[in-house]
file final_35.json (JSON, N, CA, C and O atoms)
[["chain", "number", "residue", "atom", "x", "y", "z"],
["A", 1, "MET", "N", 0.84, -1.19, 0.00],
["A", 1, "MET", "CA", 0.00, 0.00, 0.00],
["A", 1, "MET", "C", 0.88, 1.25, 0.00],
["A", 1, "MET", "O", 1.81, 1.37, 0.80],
["A", 2, "ALA", "N", 0.61, 2.16, -0.90],
["A", 2, "ALA", "CA", 1.37, 3.41, -1.00],
["A", 2, "ALA", "C", 1.22, 4.21, 0.29],
["A", 2, "ALA", "O", 0.18, 4.21, 0.93],
["A", 3, "LYS", "N", 2.31, 4.89, 0.67],
["A", 3, "LYS", "CA", 2.34, 5.65, 1.89],
["A", 3, "LYS", "C", 2.93, 7.02, 1.61],
["A", 3, "LYS", "O", 3.94, 7.13, 0.92],
["A", 4, "ARG", "N", 2.30, 8.08, 2.11],
["A", 4, "ARG", "CA", 2.85, 9.43, 1.95],
["A", 4, "ARG", "C", 3.56, 9.81, 3.24],
["A", 4, "ARG", "O", 2.96, 9.83, 4.31],
["A", 5, "ILE", "N", 4.86, 10.09, 3.13],
["A", 5, "ILE", "CA", 5.69, 10.46, 4.28],
["A", 5, "ILE", "C", 6.50, 11.69, 3.89],
["A", 5, "ILE", "O", 7.17, 11.70, 2.87],
["A", 6, "ALA", "N", 6.40, 12.72, 4.72],
["A", 6, "ALA", "CA", 7.16, 13.96, 4.52],
["A", 6, "ALA", "C", 6.97, 14.51, 3.11],
["A", 6, "ALA", "O", 7.91, 14.96, 2.47],
["A", 7, "GLY", "N", 5.76, 14.44, 2.60],
["A", 7, "GLY", "CA", 5.46, 14.99, 1.28],
["A", 7, "GLY", "C", 5.91, 14.13, 0.12],
["A", 7, "GLY", "O", 5.84, 14.54, -1.02],
["A", 8, "LYS", "N", 6.37, 12.91, 0.40],
["A", 8, "LYS", "CA", 6.83, 12.02, -0.67],
["A", 8, "LYS", "C", 5.95, 10.77, -0.66],
["A", 8, "LYS", "O", 5.52, 10.32, 0.39],
["A", 9, "LEU", "N", 5.72, 10.22, -1.83],
["A", 9, "LEU", "CA", 4.91, 9.02, -1.97],
["A", 9, "LEU", "C", 5.82, 7.81, -2.11],
["A", 9, "LEU", "O", 6.68, 7.77, -2.99],
["A", 10, "PHE", "N", 5.65, 6.84, -1.22],
["A", 10, "PHE", "CA", 6.44, 5.62, -1.24],
["A", 10, "PHE", "C", 5.55, 4.48, -1.69],
["A", 10, "PHE", "O", 4.49, 4.26, -1.13],
["A", 11, "GLN", "N", 5.99, 3.78, -2.74],
["A", 11, "GLN", "CA", 5.24, 2.67, -3.31],
["A", 11, "GLN", "C", 6.18, 1.50, -3.56],
["A", 11, "GLN", "O", 7.38, 1.68, -3.72],
["A", 12, "THR", "N", 5.60, 0.31, -3.62],
["A", 12, "THR", "CA", 6.39, -0.83, -4.06],
["A", 12, "THR", "C", 6.56, -0.70, -5.57],
["A", 12, "THR", "O", 5.83, 0.05, -6.24],
["A", 13, "ALA", "N", 7.50, -1.44, -6.12],
["A", 13, "ALA", "CA", 7.71, -1.40, -7.56],
["A", 13, "ALA", "C", 6.44, -1.83, -8.30],
["A", 13, "ALA", "O", 6.08, -1.26, -9.33],
["A", 14, "GLU", "N", 5.75, -2.83, -7.75],
["A", 14, "GLU", "CA", 4.52, -3.29, -8.40],
["A", 14, "GLU", "C", 3.45, -2.21, -8.42],
["A", 14, "GLU", "O", 2.77, -2.01, -9.42],
["A", 15, "GLU", "N", 3.30, -1.49, -7.30],
["A", 15, "GLU", "CA", 2.31, -0.41, -7.23],
["A", 15, "GLU", "C", 2.63, 0.69, -8.23],
["A", 15, "GLU", "O", 1.73, 1.31, -8.80],
["A", 16, "ALA", "N", 3.91, 0.95, -8.43],
["A", 16, "ALA", "CA", 4.33, 2.01, -9.34],
["A", 16, "ALA", "C", 4.34, 1.56, -10.80],
["A", 16, "ALA", "O", 4.55, 2.37, -11.69],
["A", 17, "GLY", "N", 4.13, 0.27, -11.03],
["A", 17, "GLY", "CA", 4.12, -0.24, -12.40],
["A", 17, "GLY", "C", 5.50, -0.42, -12.99],
["A", 17, "GLY", "O", 5.67, -0.43, -14.21],
["A", 18, "VAL", "N", 6.51, -0.56, -12.14],
["A", 18, "VAL", "CA", 7.88, -0.72, -12.60],
["A", 18, "VAL", "C", 8.19, -2.21, -12.72],
["A", 18, "VAL", "O", 8.05, -2.95, -11.73],
["A", 19, "PRO", "N", 8.59, -2.66, -13.88],
["A", 19, "PRO", "CA", 8.90, -4.08, -14.01],
["A", 19, "PRO", "C", 10.17, -4.44, -13.23],
["A", 19, "PRO", "O", 11.07, -3.61, -13.10],
["A", 20, "PRO", "N", 10.25, -5.66, -12.71],
["A", 20, "PRO", "CA", 11.45, -6.04, -11.97],
["A", 20, "PRO", "C", 12.67, -6.11, -12.89],
["A", 20, "PRO", "O", 12.53, -6.34, -14.10],
["A", 21, "LEU", "N", 13.85, -5.88, -12.32],
["A", 21, "LEU", "CA", 15.09, -5.97, -13.10],
["A", 21, "LEU", "C", 15.36, -7.42, -13.48],
["A", 21, "LEU", "O", 15.07, -8.33, -12.72],
["A", 22, "THR", "N", 15.94, -7.59, -14.65],
["A", 22, "THR", "CA", 16.37, -8.92, -15.06],
["A", 22, "THR", "C", 17.65, -9.27, -14.31],
["A", 22, "THR", "O", 18.30, -8.40, -13.72],
["A", 23, "ASP", "N", 18.04, -10.53, -14.34],
["A", 23, "ASP", "CA", 19.29, -10.93, -13.69],
["A", 23, "ASP", "C", 20.47, -10.19, -14.31],
["A", 23, "ASP", "O", 21.41, -9.80, -13.60],
["A", 24, "GLU", "N", 20.43, -9.97, -15.62],
["A", 24, "GLU", "CA", 21.52, -9.27, -16.30],
["A", 24, "GLU", "C", 21.58, -7.81, -15.85],
["A", 24, "GLU", "O", 22.67, -7.26, -15.63],
["A", 25, "GLU", "N", 20.42, -7.17, -15.74],
["A", 25, "GLU", "CA", 20.39, -5.77, -15.29],
["A", 25, "GLU", "C", 20.89, -5.65, -13.85],
["A", 25, "GLU", "O", 21.63, -4.72, -13.53],
["A", 26, "THR", "N", 20.51, -6.58, -13.01],
["A", 26, "THR", "CA", 20.96, -6.57, -11.62],
["A", 26, "THR", "C", 22.47, -6.75, -11.56],
["A", 26, "THR", "O", 23.17, -6.03, -10.83],
["A", 27, "ALA", "N", 23.01, -7.69, -12.32],
["A", 27, "ALA", "CA", 24.45, -7.93, -12.33],
["A", 27, "ALA", "C", 25.20, -6.70, -12.84],
["A", 27, "ALA", "O", 26.24, -6.32, -12.29],
["A", 28, "ALA", "N", 24.68, -6.05, -13.88],
["A", 28, "ALA", "CA", 25.32, -4.85, -14.42],
["A", 28, "ALA", "C", 25.31, -3.72, -13.38],
["A", 28, "ALA", "O", 26.32, -3.02, -13.21],
["A", 29, "TYR", "N", 24.19, -3.55, -12.69],
["A", 29, "TYR", "CA", 24.11, -2.52, -11.65],
["A", 29, "TYR", "C", 25.12, -2.80, -10.54],
["A", 29, "TYR", "O", 25.84, -1.90, -10.11],
["A", 30, "LEU", "N", 25.18, -4.04, -10.07],
["A", 30, "LEU", "CA", 26.10, -4.38, -8.99],
["A", 30, "LEU", "C", 27.55, -4.18, -9.41],
["A", 30, "LEU", "O", 28.38, -3.73, -8.60],
["A", 31, "ALA", "N", 27.87, -4.46, -10.66],
["A", 31, "ALA", "CA", 29.23, -4.26, -11.17],
["A", 31, "ALA", "C", 29.56, -2.76, -11.20],
["A", 31, "ALA", "O", 30.68, -2.36, -10.81],
["A", 32, "ARG", "N", 28.62, -1.93, -11.65],
["A", 32, "ARG", "CA", 28.86, -0.48, -11.68],
["A", 32, "ARG", "C", 29.02, 0.07, -10.27],
["A", 32, "ARG", "O", 29.87, 0.92, -10.01],
["A", 33, "ALA", "N", 28.19, -0.42, -9.33],
["A", 33, "ALA", "CA", 28.27, 0.05, -7.94],
["A", 33, "ALA", "C", 29.62, -0.35, -7.33],
["A", 33, "ALA", "O", 30.24, 0.45, -6.63],
["A", 34, "ALA", "N", 30.08, -1.56, -7.59],
["A", 34, "ALA", "CA", 31.37, -2.01, -7.07],
["A", 34, "ALA", "C", 32.51, -1.17, -7.65],
["A", 34, "ALA", "O", 33.45, -0.79, -6.92],
["A", 35, "ALA", "N", 32.44, -0.86, -8.93],
["A", 35, "ALA", "CA", 33.47, -0.03, -9.56],
["A", 35, "ALA", "C", 33.47, 1.36, -8.95],
["A", 35, "ALA", "O", 34.53, 1.95, -8.70],
["A", 36, "HIS", "N", 32.29, 1.91, -8.69],
["A", 36, "HIS", "CA", 32.19, 3.23, -8.08],
["A", 36, "HIS", "C", 32.79, 3.22, -6.67],
["A", 36, "HIS", "O", 33.56, 4.13, -6.30],
["A", 37, "ARG", "N", 32.45, 2.21, -5.87],
["A", 37, "ARG", "CA", 33.00, 2.12, -4.52],
["A", 37, "ARG", "C", 34.52, 1.99, -4.57],
["A", 37, "ARG", "O", 35.22, 2.58, -3.74],
["A", 38, "ALA", "N", 35.04, 1.25, -5.54],
["A", 38, "ALA", "CA", 36.50, 1.10, -5.67],
["A", 38, "ALA", "C", 37.15, 2.44, -6.01],
["A", 38, "ALA", "O", 38.20, 2.79, -5.46],
["A", 39, "ARG", "N", 36.51, 3.21, -6.92],
["A", 39, "ARG", "CA", 37.06, 4.54, -7.26],
["A", 39, "ARG", "C", 37.04, 5.46, -6.05],
["A", 39, "ARG", "O", 37.98, 6.22, -5.81],
["A", 40, "MET", "N", 35.95, 5.41, -5.28],
["A", 40, "MET", "CA", 35.86, 6.25, -4.08],
["A", 40, "MET", "C", 36.92, 5.87, -3.06],
["A", 40, "MET", "O", 37.55, 6.73, -2.45],
["A", 41, "ALA", "N", 37.14, 4.58, -2.87],
["A", 41, "ALA", "CA", 38.12, 4.11, -1.90],
["A", 41, "ALA", "C", 39.54, 4.47, -2.32],
["A", 41, "ALA", "O", 40.42, 4.59, -1.47],
["A", 42, "ALA", "N", 39.76, 4.65, -3.61],
["A", 42, "ALA", "CA", 41.10, 4.95, -4.12],
["A", 42, "ALA", "C", 41.49, 6.42, -3.91],
["A", 42, "ALA", "O", 42.66, 6.77, -4.05],
["A", 43, "VAL", "N", 40.54, 7.27, -3.57],
["A", 43, "VAL", "CA", 40.85, 8.69, -3.35],
["A", 43, "VAL", "C", 41.59, 8.82, -2.02],
["A", 43, "VAL", "O", 41.12, 8.34, -0.99],
["A", 44, "PRO", "N", 42.76, 9.46, -2.04],
["A", 44, "PRO", "CA", 43.52, 9.62, -0.79],
["A", 44, "PRO", "C", 42.71, 10.40, 0.25],
["A", 44, "PRO", "O", 41.94, 11.31, -0.10],
["A", 45, "GLU", "N", 42.88, 10.04, 1.50],
["A", 45, "GLU", "CA", 42.14, 10.68, 2.61],
["A", 45, "GLU", "C", 42.29, 12.20, 2.56],
["A", 45, "GLU", "O", 41.35, 12.94, 2.80],
["A", 46, "SER", "N", 43.48, 12.69, 2.19],
["A", 46, "SER", "CA", 43.74, 14.13, 2.17],
["A", 46, "SER", "C", 42.97, 14.86, 1.07],
["A", 46, "SER", "O", 42.81, 16.07, 1.13],
["A", 47, "GLU", "N", 42.47, 14.13, 0.09],
["A", 47, "GLU", "CA", 41.74, 14.75, -1.02],
["A", 47, "GLU", "C", 40.23, 14.57, -0.92],
["A", 47, "GLU", "O", 39.49, 15.06, -1.77],
["A", 48, "ARG", "N", 39.75, 13.87, 0.08],
["A", 48, "ARG", "CA", 38.32, 13.63, 0.23],
["A", 48, "ARG", "C", 37.63, 14.87, 0.75],
["A", 48, "ARG", "O", 38.18, 15.63, 1.53],
["A", 49, "VAL", "N", 36.40, 15.07, 0.32],
["A", 49, "VAL", "CA", 35.60, 16.20, 0.78],
["A", 49, "VAL", "C", 34.27, 15.69, 1.32],
["A", 49, "VAL", "O", 33.76, 14.66, 0.88],
["A", 50, "ASP", "N", 33.72, 16.40, 2.27],
["A", 50, "ASP", "CA", 32.41, 16.07, 2.82],
["A", 50, "ASP", "C", 31.36, 16.88, 2.08],
["A", 50, "ASP", "O", 31.55, 18.07, 1.83],
["A", 51, "LEU", "N", 30.27, 16.22, 1.74],
["A", 51, "LEU", "CA", 29.17, 16.93, 1.10],
["A", 51, "LEU", "C", 28.27, 17.56, 2.15],
["A", 51, "LEU", "O", 28.09, 17.01, 3.24],
["A", 52, "SER", "N", 27.69, 18.67, 1.82],
["A", 52, "SER", "CA", 26.77, 19.35, 2.70],
["A", 52, "SER", "C", 25.56, 18.44, 2.97],
["A", 52, "SER", "O", 25.17, 17.63, 2.14],
["A", 53, "GLU", "N", 24.96, 18.61, 4.13],
["A", 53, "GLU", "CA", 23.75, 17.86, 4.49],
["A", 53, "GLU", "C", 22.65, 18.03, 3.46],
["A", 53, "GLU", "O", 21.83, 17.15, 3.25],
["A", 54, "ARG", "N", 22.61, 19.15, 2.79],
["A", 54, "ARG", "CA", 21.52, 19.42, 1.85],
["A", 54, "ARG", "C", 21.51, 18.46, 0.68],
["A", 54, "ARG", "O", 20.52, 18.36, -0.03],
["A", 55, "PHE", "N", 22.61, 17.75, 0.46],
["A", 55, "PHE", "CA", 22.66, 16.82, -0.65],
["A", 55, "PHE", "C", 22.10, 15.44, -0.30],
["A", 55, "PHE", "O", 21.95, 14.60, -1.16],
["A", 56, "HIS", "N", 21.82, 15.19, 0.97],
["A", 56, "HIS", "CA", 21.30, 13.88, 1.32],
["A", 56, "HIS", "C", 20.32, 13.90, 2.47],
["A", 56, "HIS", "O", 20.04, 12.88, 3.07],
["A", 57, "ASP", "N", 19.77, 15.04, 2.80],
["A", 57, "ASP", "CA", 18.80, 15.13, 3.88],
["A", 57, "ASP", "C", 17.45, 15.55, 3.32],
["A", 57, "ASP", "O", 17.14, 16.73, 3.26],
["A", 58, "ASP", "N", 16.65, 14.58, 2.92],
["A", 58, "ASP", "CA", 15.34, 14.87, 2.34],
["A", 58, "ASP", "C", 14.30, 15.28, 3.38],
["A", 58, "ASP", "O", 13.21, 15.68, 3.02],
["A", 59, "LEU", "N", 14.62, 15.14, 4.65],
["A", 59, "LEU", "CA", 13.64, 15.43, 5.68],
["A", 59, "LEU", "C", 13.72, 16.85, 6.23],
["A", 59, "LEU", "O", 12.82, 17.29, 6.93],
["A", 60, "SER", "N", 14.78, 17.60, 5.90],
["A", 60, "SER", "CA", 14.91, 18.98, 6.38],
["A", 60, "SER", "C", 13.71, 19.81, 5.94],
["A", 60, "SER", "O", 13.30, 19.75, 4.78],
["A", 61, "GLY", "N", 13.17, 20.54, 6.88],
["A", 61, "GLY", "CA", 12.04, 21.41, 6.56],
["A", 61, "GLY", "C", 10.71, 20.70, 6.49],
["A", 61, "GLY", "O", 9.70, 21.29, 6.13],
["A", 62, "THR", "N", 10.67, 19.42, 6.85],
["A", 62, "THR", "CA", 9.40, 18.68, 6.87],
["A", 62, "THR", "C", 9.04, 18.34, 8.30],
["A", 62, "THR", "O", 9.81, 18.57, 9.23],
["A", 63, "GLU", "N", 7.86, 17.77, 8.49],
["A", 63, "GLU", "CA", 7.44, 17.38, 9.83],
["A", 63, "GLU", "C", 8.29, 16.24, 10.39],
["A", 63, "GLU", "O", 8.22, 15.92, 11.56],
["A", 64, "TYR", "N", 9.15, 15.65, 9.53],
["A", 64, "TYR", "CA", 10.02, 14.55, 9.97],
["A", 64, "TYR", "C", 11.46, 15.00, 10.19],
["A", 64, "TYR", "O", 12.33, 14.17, 10.37],
["A", 65, "GLU", "N", 11.71, 16.29, 10.22],
["A", 65, "GLU", "CA", 13.07, 16.77, 10.44],
["A", 65, "GLU", "C", 13.60, 16.23, 11.76],
["A", 65, "GLU", "O", 12.93, 16.29, 12.79],
["A", 66, "GLY", "N", 14.79, 15.64, 11.73],
["A", 66, "GLY", "CA", 15.39, 15.06, 12.92],
["A", 66, "GLY", "C", 14.97, 13.62, 13.18],
["A", 66, "GLY", "O", 15.49, 12.97, 14.08],
["A", 67, "TRP", "N", 14.04, 13.11, 12.40],
["A", 67, "TRP", "CA", 13.56, 11.73, 12.58],
["A", 67, "TRP", "C", 14.64, 10.73, 12.22],
["A", 67, "TRP", "O", 15.45, 10.96, 11.34],
["A", 68, "THR", "N", 14.66, 9.62, 12.93],
["A", 68, "THR", "CA", 15.56, 8.50, 12.60],
["A", 68, "THR", "C", 14.73, 7.22, 12.61],
["A", 68, "THR", "O", 13.66, 7.17, 13.24],
["A", 69, "PRO", "N", 15.18, 6.18, 11.91],
["A", 69, "PRO", "CA", 14.42, 4.91, 11.91],
["A", 69, "PRO", "C", 14.20, 4.36, 13.32],
["A", 69, "PRO", "O", 13.20, 3.71, 13.57],
["A", 70, "GLU", "N", 15.10, 4.65, 14.24],
["A", 70, "GLU", "CA", 14.95, 4.16, 15.60],
["A", 70, "GLU", "C", 13.73, 4.79, 16.28],
["A", 70, "GLU", "O", 13.15, 4.21, 17.20],
["A", 71, "ASP", "N", 13.31, 5.98, 15.83],
["A", 71, "ASP", "CA", 12.14, 6.63, 16.41],
["A", 71, "ASP", "C", 10.88, 5.79, 16.22],
["A", 71, "ASP", "O", 9.98, 5.82, 17.06],
["A", 72, "ASP", "N", 10.79, 5.03, 15.13],
["A", 72, "ASP", "CA", 9.62, 4.18, 14.88],
["A", 72, "ASP", "C", 9.58, 2.97, 15.79],
["A", 72, "ASP", "O", 8.54, 2.34, 15.94],
["A", 73, "LYS", "N", 10.72, 2.62, 16.36],
["A", 73, "LYS", "CA", 10.79, 1.43, 17.21],
["A", 73, "LYS", "C", 10.43, 1.73, 18.66],
["A", 73, "LYS", "O", 10.35, 0.83, 19.47],
["A", 74, "LYS", "N", 10.24, 3.01, 18.97],
["A", 74, "LYS", "CA", 9.92, 3.40, 20.37],
["A", 74, "LYS", "C", 8.46, 3.18, 20.66],
["A", 74, "LYS", "O", 7.60, 3.21, 19.88]]

call {"tool": "encode", "arguments": {"input": "final_35.json", "output": "structure tokens"}}
result
Amino acid sequence: MAKRIAGKLFQTAEEAGVPPLTDEETAAYLARAAAHRARMAAVPESERVDLSERFHDDLSGTEYEGWTPEDDKK
């Protein structure tokens, strides 16, 4: 069942009408992800940069600001 959280709609792939990935597509994705992780790990510590929270915090400015998954377990 689709759920609206913090102004976003969360659905299963079936609800959204997205066909499942084939085994080949899954393998290709996993290979690209592994290559990306290897490139990231190869960057020297002195050259790494931290990204601002705004690039990965979808909950800022919503009723869920500060929420963590552990909050649902309370």

call {"tool": "atom_distance", "arguments": {"input": "final_35.json", "atom1": "atom O of Ala6 of chain A", "atom2": "atom O of Trp67 of chain A"}}
result
12.3 Å

call {"tool": "atom_distance", "arguments": {"input": "final_35.json", "atom1": "atom N of Pro19 of chain A", "atom2": "atom CA of Arg32 of chain A"}}
result
20.5 Å

call {"tool": "select_by_dssp", "arguments": {"input": "final_35.json", "residues": "chain A", "states": "strand (DSSP E or B)", "output": "list in words"}}
result
Lys3, Arg4, Ile5, Lys8, Leu9 and Phe10 of chain A

call {"tool": "write_last_selection", "arguments": {"input": "final_35.json", "atoms": "N, CA, C and O atoms", "output": "mmCIF file, in the coordinates of the input"}}
result
data_model
loop_
_atom_site.group_PDB
_atom_site.id
_atom_site.type_symbol
_atom_site.label_atom_id
_atom_site.label_comp_id
_atom_site.auth_asym_id
_atom_site.auth_seq_id
_atom_site.Cartn_x
_atom_site.Cartn_y
_atom_site.Cartn_z
ATOM 1 N N LYS A 3 2.310 4.890 0.670
ATOM 2 C CA LYS A 3 2.340 5.650 1.890
ATOM 3 C C LYS A 3 2.930 7.020 1.610
ATOM 4 O O LYS A 3 3.940 7.130 0.920
ATOM 5 N N ARG A 4 2.300 8.080 2.110
ATOM 6 C CA ARG A 4 2.850 9.430 1.950
ATOM 7 C C ARG A 4 3.560 9.810 3.240
ATOM 8 O O ARG A 4 2.960 9.830 4.310
ATOM 9 N N ILE A 5 4.860 10.090 3.130
ATOM 10 C CA ILE A 5 5.690 10.460 4.280
ATOM 11 C C ILE A 5 6.500 11.690 3.890
ATOM 12 O O ILE A 5 7.170 11.700 2.870
ATOM 13 N N LYS A 8 6.370 12.910 0.400
ATOM 14 C CA LYS A 8 6.830 12.020 -0.670
ATOM 15 C C LYS A 8 5.950 10.770 -0.660
ATOM 16 O O LYS A 8 5.520 10.320 0.390
ATOM 17 N N LEU A 9 5.720 10.220 -1.830
ATOM 18 C CA LEU A 9 4.910 9.020 -1.970
ATOM 19 C C LEU A 9 5.820 7.810 -2.110
ATOM 20 O O LEU A 9 6.680 7.770 -2.990
ATOM 21 N N PHE A 10 5.650 6.840 -1.220
ATOM 22 C CA PHE A 10 6.440 5.620 -1.240
ATOM 23 C C PHE A 10 5.550 4.480 -1.690
ATOM 24 O O PHE A 10 4.490 4.260 -1.130
#

call {"tool": "select_by_dssp", "arguments": {"input": "final_35.json", "residues": "segment 13-70 of chain A", "states": "helix (DSSP H, G or I)", "output": "short mmCIF file (atom, residue, chain, number, x, y, z; two decimals) with N, CA, C and O atoms, keeping the file's coordinate frame"}}
result
data_model
loop_
_atom_site.label_atom_id
_atom_site.label_comp_id
_atom_site.auth_asym_id
_atom_site.auth_seq_id
_atom_site.Cartn_x
_atom_site.Cartn_y
_atom_site.Cartn_z
N ALA A 13 7.50 -1.44 -6.12
CA ALA A 13 7.71 -1.40 -7.56
C ALA A 13 6.44 -1.83 -8.30
O ALA A 13 6.08 -1.26 -9.33
N GLU A 14 5.75 -2.83 -7.75
CA GLU A 14 4.52 -3.29 -8.40
C GLU A 14 3.45 -2.21 -8.42
O GLU A 14 2.77 -2.01 -9.42
N GLU A 15 3.30 -1.49 -7.30
CA GLU A 15 2.31 -0.41 -7.23
C GLU A 15 2.63 0.69 -8.23
O GLU A 15 1.73 1.31 -8.80
N ALA A 16 3.91 0.95 -8.43
CA ALA A 16 4.33 2.01 -9.34
C ALA A 16 4.34 1.56 -10.80
O ALA A 16 4.55 2.37 -11.69
N ASP A 23 18.04 -10.53 -14.34
CA ASP A 23 19.29 -10.93 -13.69
C ASP A 23 20.47 -10.19 -14.31
O ASP A 23 21.41 -9.80 -13.60
N GLU A 24 20.43 -9.97 -15.62
CA GLU A 24 21.52 -9.27 -16.30
C GLU A 24 21.58 -7.81 -15.85
O GLU A 24 22.67 -7.26 -15.63
N GLU A 25 20.42 -7.17 -15.74
CA GLU A 25 20.39 -5.77 -15.29
C GLU A 25 20.89 -5.65 -13.85
O GLU A 25 21.63 -4.72 -13.53
N THR A 26 20.51 -6.58 -13.01
CA THR A 26 20.96 -6.57 -11.62
C THR A 26 22.47 -6.75 -11.56
O THR A 26 23.17 -6.03 -10.83
N ALA A 27 23.01 -7.69 -12.32
CA ALA A 27 24.45 -7.93 -12.33
C ALA A 27 25.20 -6.70 -12.84
O ALA A 27 26.24 -6.32 -12.29
N ALA A 28 24.68 -6.05 -13.88
CA ALA A 28 25.32 -4.85 -14.42
C ALA A 28 25.31 -3.72 -13.38
O ALA A 28 26.32 -3.02 -13.21
N TYR A 29 24.19 -3.55 -12.69
CA TYR A 29 24.11 -2.52 -11.65
C TYR A 29 25.12 -2.80 -10.54
O TYR A 29 25.84 -1.90 -10.11
N LEU A 30 25.18 -4.04 -10.07
CA LEU A 30 26.10 -4.38 -8.99
C LEU A 30 27.55 -4.18 -9.41
O LEU A 30 28.38 -3.73 -8.60
N ALA A 31 27.87 -4.46 -10.66
CA ALA A 31 29.23 -4.26 -11.17
C ALA A 31 29.56 -2.76 -11.20
O ALA A 31 30.68 -2.36 -10.81
N ARG A 32 28.62 -1.93 -11.65
CA ARG A 32 28.86 -0.48 -11.68
C ARG A 32 29.02 0.07 -10.27
O ARG A 32 29.87 0.92 -10.01
N ALA A 33 28.19 -0.42 -9.33
CA ALA A 33 28.27 0.05 -7.94
C ALA A 33 29.62 -0.35 -7.33
O ALA A 33 30.24 0.45 -6.63
N ALA A 34 30.08 -1.56 -7.59
CA ALA A 34 31.37 -2.01 -7.07
C ALA A 34 32.51 -1.17 -7.65
O ALA A 34 33.45 -0.79 -6.92
N ALA A 35 32.44 -0.86 -8.93
CA ALA A 35 33.47 -0.03 -9.56
C ALA A 35 33.47 1.36 -8.95
O ALA A 35 34.53 1.95 -8.70
N HIS A 36 32.29 1.91 -8.69
CA HIS A 36 32.19 3.23 -8.08
C HIS A 36 32.79 3.22 -6.67
O HIS A 36 33.56 4.13 -6.30
N ARG A 37 32.45 2.21 -5.87
CA ARG A 37 33.00 2.12 -4.52
C ARG A 37 34.52 1.99 -4.57
O ARG A 37 35.22 2.58 -3.74
N ALA A 38 35.04 1.25 -5.54
CA ALA A 38 36.50 1.10 -5.67
C ALA A 38 37.15 2.44 -6.01
O ALA A 38 38.20 2.79 -5.46
N ARG A 39 36.51 3.21 -6.92
CA ARG A 39 37.06 4.54 -7.26
C ARG A 39 37.04 5.46 -6.05
O ARG A 39 37.98 6.22 -5.81
N MET A 40 35.95 5.41 -5.28
CA MET A 40 35.86 6.25 -4.08
C MET A 40 36.92 5.87 -3.06
O MET A 40 37.55 6.73 -2.45
N ALA A 41 37.14 4.58 -2.87
CA ALA A 41 38.12 4.11 -1.90
C ALA A 41 39.54 4.47 -2.32
O ALA A 41 40.42 4.59 -1.47
N ALA A 42 39.76 4.65 -3.61
CA ALA A 42 41.10 4.95 -4.12
C ALA A 42 41.49 6.42 -3.91
O ALA A 42 42.66 6.77 -4.05
N GLU A 45 42.88 10.04 1.50
CA GLU A 45 42.14 10.68 2.61
C GLU A 45 42.29 12.20 2.56
O GLU A 45 41.35 12.94 2.80
N SER A 46 43.48 12.69 2.19
CA SER A 46 43.74 14.13 2.17
C SER A 46 42.97 14.86 1.07
O SER A 46 42.81 16.07 1.13
N GLU A 47 42.47 14.13 0.09
CA GLU A 47 41.74 14.75 -1.02
C GLU A 47 40.23 14.57 -0.92
O GLU A 47 39.49 15.06 -1.77
N GLU A 53 24.96 18.61 4.13
CA GLU A 53 23.75 17.86 4.49
C GLU A 53 22.65 18.03 3.46
O GLU A 53 21.83 17.15 3.25
N ARG A 54 22.61 19.15 2.79
CA ARG A 54 21.52 19.42 1.85
C ARG A 54 21.51 18.46 0.68
O ARG A 54 20.52 18.36 -0.03
N PHE A 55 22.61 17.75 0.46
CA PHE A 55 22.66 16.82 -0.65
C PHE A 55 22.10 15.44 -0.30
O PHE A 55 21.95 14.60 -1.16
N PRO A 69 15.18 6.18 11.91
CA PRO A 69 14.42 4.91 11.91
C PRO A 69 14.20 4.36 13.32
O PRO A 69 13.20 3.71 13.57
N GLU A 70 15.10 4.65 14.24
CA GLU A 70 14.95 4.16 15.60
C GLU A 70 13.73 4.79 16.28
O GLU A 70 13.15 4.21 17.20
#

call {"tool": "atom_distance", "arguments": {"input": "final_35.json", "atom1": "atom CA of Gly17 of chain A", "atom2": "atom C of Lys3 of chain A"}}
result
15.8 Å

call {"tool": "residues_around", "arguments": {"input": "final_35.json", "residues": "Met1 of chain A", "least_positions_apart": "3", "cutoff": "8 Å", "atoms": "only N, CA, C and O atoms", "output": "list of chain:residue names"}}
result
A:Arg4, A:Phe10, A:Gln11, A:Thr12, A:Glu15

call {"tool": "decode", "arguments": {"input": "final_35.json", "residues": "segment 57-71 of chain A", "atoms": "C-alpha atoms", "output": "PDB file, in the first residue's frame"}}
result
ATOM      1  CA  ASP A  57      18.799  15.131   3.882  1.00  0.00           C
ATOM      2  CA  ASP A  58      15.341  14.866   2.341  1.00  0.00           C
ATOM      3  CA  LEU A  59      13.638  15.427   5.684  1.00  0.00           C
ATOM      4  CA  SER A  60      14.906  18.980   6.381  1.00  0.00           C
ATOM      5  CA  GLY A  61      12.045  21.412   6.562  1.00  0.00           C
ATOM      6  CA  THR A  62       9.402  18.678   6.868  1.00  0.00           C
ATOM      7  CA  GLU A  63       7.437  17.377   9.832  1.00  0.00           C
ATOM      8  CA  TYR A  64      10.016  14.553   9.968  1.00  0.00           C
ATOM      9  CA  GLU A  65      13.070  16.772  10.437  1.00  0.00           C
ATOM     10  CA  GLY A  66      15.388  15.055  12.925  1.00  0.00           C
ATOM     11  CA  TRP A  67      13.555  11.734  12.576  1.00  0.00           C
ATOM     12  CA  THR A  68      15.556   8.503  12.600  1.00  0.00           C
ATOM     13  CA  PRO A  69      14.423   4.914  11.909  1.00  0.00           C
ATOM     14  CA  GLU A  70      14.949   4.165  15.602  1.00  0.00           C
ATOM     15  CA  ASP A  71      12.137   6.626  16.412  1.00  0.00           C
TER      16      ASP A  71
END
